[in-house]
Amino acid sequence: MLVSRRIVTAAVLALAASAPSLAAAQQPVVDSVRIGTSASGSRPVVVVQAANVSFTVTAHARAEVSAVLRPMRSRPSSINDEGLLRASAAGDTVRIELARALDAWYHLELGVPSGAALRITGDNGGDVRVEGVRGSAEITHSNGGVTVLDASGYAIVATSNGHIRVRFVAVERGVPMSFITNNGDIDLTMPADVRATLLVDDSISLQSEFPLASSGRSRLRRLAVNGGGPTIRLFTNNGIVRLHRL
């Protein structure tokens with residue numbers, strides 16, 4: 001019965017997390033842009049900045065970045081939302097941003113090359129979901145949860161209010177990471193052979209599928225995974241930290 005409850009709970013949480021993007025998918029596209037990335041073979045950097053927007057980022061095999069903007073709710077036909085998105089490229093960097101401030105909540109669907117390095121800055125728009133992007137991910141957000149699935153580089157995630165869920169299929173060696181939320185749980189899944197040193201405040205509840213070796217006694221615990229390695233800072237002011245083995 002315990003396994004069944006976990007399966008049901010996971011399904012409910014997944015459905016709840018995807019509900020806003022599913023609702024937005026029913027709305028018409030109000031603006032879209034598409035821009036090619038450098039053909040030099042280097043990893044493209046995709047920089048996205050938007051307020052009052054939730055994000056879905058998926059990977060594709062094309063050398064381009066695409067962005068589609070939809071309202072979260074139906075908008076009067078008299079409102080002209082064309083020209084809200086702006087795209088530019090300089091060297092290996094592609095930027096997607098808003099041409100003007102939004103007066104309602106929108107959802108931004110991004111398609112990026114699978115090896116892209118993501119730099120996302122959001123503010124007060126809902127959740128961020130990244131899936132299948134094998135480059136690095138640096139995400140700063142407020143008032144929304146962040147989910148990064150099937151990553152194979154490194155990640156730095158900070159949100160003022162929301163859960164953080166990150167699943168690595170591989171971890172870039174030698175790079176420190178951090179996962180910080182002021183209000184929410186942190187779920188971090190890593191390969192079984194990862195080597196890292198966790199930095200976790202003594203006041204935070206921690207559940208781990210990895211054996212952890214503690215070094216020293218202080219308010220900031222240093223916990224070695226598989227002998228230790230680059231630091232991973234984990235902080236929540238109101239939540240639980242859970243570590244899972246892939």
# chains A, B, ... in the order shown; residues from 1 in each chain; ligands from 1
>>> residues_around(residues="A:Val29", least_positions_apart="5", cutoff="9 Å", atoms="only C-alpha atoms", output="list in words")
Val68, Leu69, Arg70 and Pro71 of chain A
>>> write_last_selection(atoms="C-alpha atoms", output="compact mmCIF listing (two decimals), in the first residue's frame")
# COMPACT_ATOMS: atom_id res chain seq x y z
CA VAL A 68 5.92 31.08 -28.17
CA LEU A 69 3.87 33.34 -25.89
CA ARG A 70 0.32 32.54 -24.80
CA PRO A 71 -1.96 34.22 -22.26
>>> residues_around(residues="A:Val194", least_positions_apart="4", cutoff="12 Å", atoms="only C-alpha atoms", output="list in words")
Ser152, Phe168, Val169, Ala170, Val171, Glu172, Arg173, Gly174, Thr189, Met190, Leu198, Phe210, Pro211, Ala224, Val225, Asn226, Gly227, Gly228, Gly229, Pro230, Thr231, Ile232, Leu243, His244, Arg245 and Leu246 of chain A
>>> write_last_selection(atoms="N, CA, C and O atoms", output="tab-separated table (two decimals), in the first residue's frame")
chain	number	residue	atom	x	y	z
A	152	SER	N	22.37	17.24	-17.47
A	152	SER	CA	23.66	16.53	-17.44
A	152	SER	C	24.84	17.48	-17.34
A	152	SER	O	25.96	17.12	-17.64
A	168	PHE	N	19.36	15.01	-12.20
A	168	PHE	CA	20.52	14.90	-13.08
A	168	PHE	C	20.66	13.46	-13.57
A	168	PHE	O	20.56	12.51	-12.79
A	169	VAL	N	20.94	13.31	-14.86
A	169	VAL	CA	21.36	12.00	-15.39
A	169	VAL	C	22.88	11.91	-15.40
A	169	VAL	O	23.44	10.81	-15.44
A	170	ALA	N	23.55	13.05	-15.36
A	170	ALA	CA	25.00	13.14	-15.23
A	170	ALA	C	25.30	14.52	-14.67
A	170	ALA	O	24.53	15.47	-14.86
A	171	VAL	N	26.43	14.64	-13.98
A	171	VAL	CA	26.80	15.91	-13.35
A	171	VAL	C	28.17	16.33	-13.86
A	171	VAL	O	29.11	15.52	-13.90
A	172	GLU	N	28.29	17.59	-14.28
A	172	GLU	CA	29.57	18.11	-14.72
A	172	GLU	C	30.55	18.13	-13.55
A	172	GLU	O	30.24	18.68	-12.48
A	173	ARG	N	31.70	17.55	-13.74
A	173	ARG	CA	32.66	17.41	-12.65
A	173	ARG	C	33.34	18.74	-12.32
A	173	ARG	O	33.64	19.54	-13.20
A	174	GLY	N	33.58	18.94	-11.03
A	174	GLY	CA	34.38	20.07	-10.60
A	174	GLY	C	33.67	21.40	-10.51
A	174	GLY	O	34.32	22.42	-10.31
A	189	THR	N	17.93	14.80	-7.31
A	189	THR	CA	18.28	13.44	-7.72
A	189	THR	C	19.59	13.49	-8.51
A	189	THR	O	19.72	14.27	-9.45
A	190	MET	N	20.54	12.62	-8.12
A	190	MET	CA	21.84	12.59	-8.77
A	190	MET	C	22.27	11.15	-9.02
A	190	MET	O	21.79	10.22	-8.36
A	198	LEU	N	27.97	18.41	0.49
A	198	LEU	CA	26.75	19.18	0.70
A	198	LEU	C	26.97	20.18	1.83
A	198	LEU	O	27.56	19.85	2.87
A	210	PHE	N	21.61	8.69	-0.10
A	210	PHE	CA	23.06	8.52	-0.12
A	210	PHE	C	23.59	8.40	1.31
A	210	PHE	O	23.13	9.13	2.19
A	211	PRO	N	24.57	7.54	1.55
A	211	PRO	CA	25.29	7.60	2.82
A	211	PRO	C	26.05	8.94	2.90
A	211	PRO	O	26.68	9.35	1.92
A	224	ALA	N	29.73	14.76	3.17
A	224	ALA	CA	30.40	14.21	1.99
A	224	ALA	C	29.58	13.09	1.38
A	224	ALA	O	29.11	12.18	2.08
A	225	VAL	N	29.43	13.15	0.06
A	225	VAL	CA	28.78	12.09	-0.71
A	225	VAL	C	29.86	11.37	-1.51
A	225	VAL	O	30.59	12.02	-2.29
A	226	ASN	N	30.01	10.08	-1.30
A	226	ASN	CA	31.03	9.29	-2.01
A	226	ASN	C	32.44	9.87	-1.85
A	226	ASN	O	33.20	9.98	-2.81
A	227	GLY	N	32.75	10.29	-0.63
A	227	GLY	CA	34.08	10.81	-0.34
A	227	GLY	C	34.23	12.31	-0.49
A	227	GLY	O	35.27	12.86	-0.16
A	228	GLY	N	33.22	12.98	-1.00
A	228	GLY	CA	33.26	14.43	-1.13
A	228	GLY	C	33.68	14.90	-2.51
A	228	GLY	O	34.19	14.13	-3.33
A	229	GLY	N	33.47	16.17	-2.76
A	229	GLY	CA	33.79	16.77	-4.05
A	229	GLY	C	33.35	18.21	-4.07
A	229	GLY	O	33.29	18.87	-3.02
A	230	PRO	N	33.02	18.77	-5.23
A	230	PRO	CA	32.56	20.16	-5.32
A	230	PRO	C	31.35	20.39	-4.41
A	230	PRO	O	30.52	19.50	-4.21
A	231	THR	N	31.23	21.60	-3.88
A	231	THR	CA	30.17	21.88	-2.93
A	231	THR	C	28.81	22.04	-3.62
A	231	THR	O	28.72	22.55	-4.75
A	232	ILE	N	27.78	21.61	-2.91
A	232	ILE	CA	26.39	21.84	-3.32
A	232	ILE	C	25.69	22.50	-2.14
A	232	ILE	O	25.50	21.88	-1.09
A	243	LEU	N	17.34	14.00	-0.90
A	243	LEU	CA	18.34	13.57	-1.87
A	243	LEU	C	18.01	12.17	-2.35
A	243	LEU	O	17.77	11.27	-1.53
A	244	HIS	N	18.00	11.98	-3.67
A	244	HIS	CA	17.65	10.69	-4.25
A	244	HIS	C	18.79	10.20	-5.14
A	244	HIS	O	19.45	11.00	-5.80
A	245	ARG	N	18.98	8.89	-5.16
A	245	ARG	CA	19.97	8.28	-6.06
A	245	ARG	C	19.28	7.83	-7.34
A	245	ARG	O	18.24	7.18	-7.30
A	246	LEU	N	19.89	8.16	-8.46
A	246	LEU	CA	19.32	7.75	-9.75
A	246	LEU	C	19.58	6.27	-9.98
A	246	LEU	O	20.69	5.78	-9.72
>>> residues_around(residues="A:Leu118", least_positions_apart="4", cutoff="8 Å", atoms="only C-alpha atoms", output="list in words")
Val45, Val46, Val47, Val48, Gly135, Ser136, Ala137, Glu138 and Ile139 of chain A
>>> residues_around(residues="A:Asp92", least_positions_apart="6", cutoff="8 Å", atoms="only C-alpha atoms", output="PyMOL selection string")
chain A and resi 37-38+42-45
>>> write_last_selection(atoms="N, CA and C atoms", output="PDB file, in the first residue's frame")
ATOM      1  N   THR A  37      21.035  29.841 -34.000  1.00  0.00           N
ATOM      2  CA  THR A  37      22.206  29.927 -33.135  1.00  0.00           C
ATOM      3  C   THR A  37      23.466  29.808 -33.976  1.00  0.00           C
ATOM      4  N   SER A  38      24.600  30.086 -33.363  1.00  0.00           N
ATOM      5  CA  SER A  38      25.871  30.045 -34.071  1.00  0.00           C
ATOM      6  C   SER A  38      26.134  28.654 -34.613  1.00  0.00           C
ATOM      7  N   SER A  42      30.161  25.593 -31.100  1.00  0.00           N
ATOM      8  CA  SER A  42      30.247  25.881 -29.668  1.00  0.00           C
ATOM      9  C   SER A  42      28.861  25.815 -29.041  1.00  0.00           C
ATOM     10  N   ARG A  43      28.840  25.691 -27.734  1.00  0.00           N
ATOM     11  CA  ARG A  43      27.568  25.577 -27.025  1.00  0.00           C
ATOM     12  C   ARG A  43      26.876  26.937 -26.977  1.00  0.00           C
ATOM     13  N   PRO A  44      25.631  27.042 -27.465  1.00  0.00           N
ATOM     14  CA  PRO A  44      24.927  28.317 -27.404  1.00  0.00           C
ATOM     15  C   PRO A  44      24.493  28.634 -25.974  1.00  0.00           C
ATOM     16  N   VAL A  45      24.479  29.921 -25.665  1.00  0.00           N
ATOM     17  CA  VAL A  45      23.983  30.405 -24.382  1.00  0.00           C
ATOM     18  C   VAL A  45      22.645  31.085 -24.649  1.00  0.00           C
TER      19      VAL A  45
END
>>> closest_residue(among="A:Met72, A:Ala158, A:Val57, A:Leu223", to="A:Gly125", atoms="only C-alpha atoms")
A:Met72
>>> atom_distance(atom1="atom CA of A:Gln207", atom2="atom CA of A:Thr140")
24.8 Å
>>> atom_distance(atom1="atom CA of A:Arg129", atom2="atom CA of A:Glu64")
19.3 Å
>>> atom_distance(atom1="atom CA of A:Glu209", atom2="atom CA of A:Asn237")
22.0 Å
>>> closest_residue(among="A:Leu234, A:Ile204, A:Ile35, A:Val53", to="A:Ile156", atoms="only C-alpha atoms")
A:Leu234
>>> closest_residue(among="A:Ala117, A:Leu84, A:Asp201, A:Arg233", to="A:Ala99", atoms="only C-alpha atoms")
A:Leu84
>>> closest_residue(among="A:Val65, A:Gly115, A:Phe179, A:Arg100", to="A:Gly153", atoms="only C-alpha atoms")
A:Gly115
>>> residues_around(residues="A:Glu82", least_positions_apart="5", cutoff="9 Å", atoms="only C-alpha atoms", output="ChimeraX atom specification")
/A:30-32
>>> closest_residue(among="A:Asp187, A:Phe55, A:Ala196, A:Ala61", to="A:Leu110", atoms="only C-alpha atoms")
A:Phe55
>>> closest_residue(among="A:Thr236, A:Ser88, A:Ser66, A:Gln27", to="A:Leu206", atoms="only C-alpha atoms")
A:Thr236
